[in-house]
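Peer 1: Please see the structure below; I have some questions.
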Amino acid sequence: MPVTLSSFTQPPTAVAPTDRILTIDILRALALFGVLMVNLVTEFRVSIFQQFVPSGPLASPVDRFLDAFVLYALDMKAFALFSLLFGIGLAVQFDRLANRERPLYWLRRRLVVLLAFGLFHLLFIWNGDILTEYALAGLLVLPLIREDKETLALVSLGLFAFYLAMPALHLPIYWPSTETFARHVIAANQVYANGSLVQVWRFSLGELKMIFSLNEFVFPRTLALFLLGAAIWRSGMLQNWQLHRRTFLIFGVTATVVGLVLTAAGAMGVFASTPVLGASMSNLAPTVQALGYAALTVIAVDLPYLGDFLRLFAPLGRMSFTNYILQSLIFSWIFFGYGLGQFGRLSVTTAFLLGSAIYIAQMVGSALWLRWFRFGPLEWLWRSLMYGQAQVMLKSRLPSVELAH
């Protein structure tokens with residue numbers, strides 16, 4: 001009997017492009033748009049800690065509108081959607097490896113390679129990295145990934161309940177004073193806009209303690225959403241969504257509206273007299289809204305015209321890793337002193353238009369790249385390191401019949 005790639009003695013290979021799930025690629029691309037805009041408006045354009053320092057209103061009506069759009073529609077919601085999709089991806093990978101020996105071993109290798117990428121990105125490119133957090137969270141939830149949907153959902157609910165309760169628990173998480181934030185923002189405006197590569201790098205490393213504090217607050221939510229994503233996949237609803245069309249529609253509309261209302265209530269100070277409740281509602285809103293977005297997108301992909309439009313995003317979603325790192329490289333050069341030095345100098349509107357132009361260019365570039373190649377460059381490297389062998393990159397080199405995965 002000939003040895004094939006489906007034998008237990010051989011490492012598994014990357015999933016064939018024809019086996020990918022279109023809706024997940026589209027959702028990943030839309031989530032990346034939100035991540036790009038939030039990063040660009042609130043972190044590359046100005047210091048991430050600017051939001052914790054009192055400041056006056058934006059002068060331009062367009063600036064105020066776009067700033068509100070990012071706050072109400074994208075901030076924290078895009079990251080929540082990305083986390084959910086990452087959990088779905090883990091479950092998909094596990095199921096595709098389940099007929100092989102040691103599926104958790106291969107997934108662990110996948111996450112360790114991602115951790116290496118994330119640490120390099122965090123330490124040497126941009127300290128706003130999310131890959132490191134995702135790799136660590138993935139390694140923590142990995143032992144549960146084989147469980148049934150009920151167990152996954154129950155643990156997810158428990159973690160999310162802890163996340164919502166965090167404002168009342170007075171956990172020993174380091175948090176600077178407003179004065180410390182203000183001094184840091186002044187220093188950031190000087191160094192990031194005018195510093196050399198080495199000066200920017202040193203200042204970036206110095207920010208890690210405060211950035212880690214931000215990640216500590218959101219880490220339980222990341223774990224919860226990873227497990228929720230796995231539970232959703234395990235339930236079969238995403239694979240057979242046509243059978244649950246009405247449920248997806250009702251839930252999508254309800255969750256999106258509830259999320260928007262809670263976000264608006266927090267922004268308008270409705271919970272000012274009960275700050276702990278307000279903080280919990282502010283934590284709840286983005287996740288509910290992101291789940292609403294996901295449900296509505298699943299419905300929209302199957303609609304005439306709108307579905308055709310959304311399919312244009314799929315190539316970017318297939319190359320989300322490459323595009324995410326490329327965005328960091330581009331914006332670091334635009335905003336930091338070793339490049340164009342535009343940190344603290346662009347308006348919200350200019351930054352939003354810049355981000356939109358780069359995103360559209362990435363959509364076009366991804367579609368063109370995937371005409372000839374199976375993966376984006378970093379996706380190929382990630383898979384090759386995970387499997388311990390170079391993956392087939394050129395479509396012209398594919399065998400006439402795909403081997404088992």
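By order in the structure tokens, chains are A, B, ...; within a chain, residues start at 1; ligands start at 1, following the order shown.
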Show me, as a ChimeraX atom specification, the residues that have an atom within 6 Å of Ala230 (chain A) when counting only C-alpha atoms, minus same-chain residues fewer than 6 positions from it.
Peer 2: /A:87-88,91
Peer 1: Next, write the just-selected residues to a file, as an mmCIF file, in the first residue's frame, keeping C-alpha atoms as the atom set.
Peer 2:
data_model
loop_
_atom_site.group_PDB
_atom_site.id
_atom_site.type_symbol
_atom_site.label_atom_id
_atom_site.label_comp_id
_atom_site.auth_asym_id
_atom_site.auth_seq_id
_atom_site.Cartn_x
_atom_site.Cartn_y
_atom_site.Cartn_z
ATOM 1 C CA GLY A 87 -11.708 30.334 18.046
ATOM 2 C CA ILE A 88 -13.703 29.073 15.082
ATOM 3 C CA ALA A 91 -12.005 24.229 15.992
#
Peer 1: Can you build me a table of region 194-257 of chain A residues sitting at most 9 Å from region 74-85 of chain A, with the closest atom pair per residue and its distance in Å to one decimal, using only C-alpha atoms, sorted by chain and residue number, as JSON lines?
Peer 2:
{"residue": "A:Arg221", "atom": "CA", "partner": "A:Ala80", "partner_atom": "CA", "distance": 8.1}
{"residue": "A:Thr222", "atom": "CA", "partner": "A:Ser83", "partner_atom": "CA", "distance": 6.0}
{"residue": "A:Leu223", "atom": "CA", "partner": "A:Ser83", "partner_atom": "CA", "distance": 8.3}
{"residue": "A:Ala224", "atom": "CA", "partner": "A:Leu84", "partner_atom": "CA", "distance": 8.7}
{"residue": "A:Leu225", "atom": "CA", "partner": "A:Leu84", "partner_atom": "CA", "distance": 4.9}
{"residue": "A:Phe226", "atom": "CA", "partner": "A:Leu84", "partner_atom": "CA", "distance": 5.4}
{"residue": "A:Leu227", "atom": "CA", "partner": "A:Leu84", "partner_atom": "CA", "distance": 8.0}
{"residue": "A:Leu228", "atom": "CA", "partner": "A:Leu84", "partner_atom": "CA", "distance": 6.8}
{"residue": "A:Gly229", "atom": "CA", "partner": "A:Leu84", "partner_atom": "CA", "distance": 4.8}
{"residue": "A:Ala230", "atom": "CA", "partner": "A:Leu84", "partner_atom": "CA", "distance": 8.2}
Peer 1: Would you mind listing what lies within 6 Å of region 329-338 of chain A as a PyMOL selection string, with only C-alpha atoms counted and same-chain residues fewer than 5 positions away left out?
Peer 2: chain A and resi 192-197+343
Peer 1: To test your reading of the structure, identify every residue in region 166-380 of chain A that backbone DSSP assigns to alpha helix (DSSP H), and report it as a PyMOL selection string.
Peer 2: chain A and resi 166-169+178-194+197-206+208-235+245-267+275-300+306-311+314-318+320-335+348-372+377-380
Peer 1: Could you pull the residues within 6 Å of region 359-374 of chain A, counting only C-alpha atoms, minus those fewer than 4 positions along the same chain, as a list in words?
Peer 2: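 Near region 359-374 of chain A, the qualifying residues are Pro315, Leu316, Met393, Leu394 and Lys395 of chain A.
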Peer 1: Point out the residue among A:Phe219, A:Phe313, A:Phe33, A:Phe120 with the least atom-to-atom distance to Tyr134 (chain A), counting only C-alpha atoms.
Peer 2: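 Going through A:Phe219, A:Phe313, A:Phe33, A:Phe120 one by one, the smallest distance to Tyr134 (chain A) is for A:Phe219.
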Peer 1: Identify, on the basis of only C-alpha atoms, every residue whose closest approach to region 245-249 of chain A does not exceed 10 Å; exclude the query and any residue fewer than 6 positions from it along the same chain; express the result as JSON, numbers by chain.
Peer 2: {"A": [237, 238, 255, 292, 294, 295, 296, 297, 298, 299, 300]}
Peer 1: Please determine, counting only C-alpha atoms, which residue among A:Leu303, A:Val253, A:Val200, A:Ala73 has the shortest atom-to-atom distance to Gly339 (chain A).
Peer 2: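 Smallest separation from Gly339 (chain A) among the options: A:Val200.
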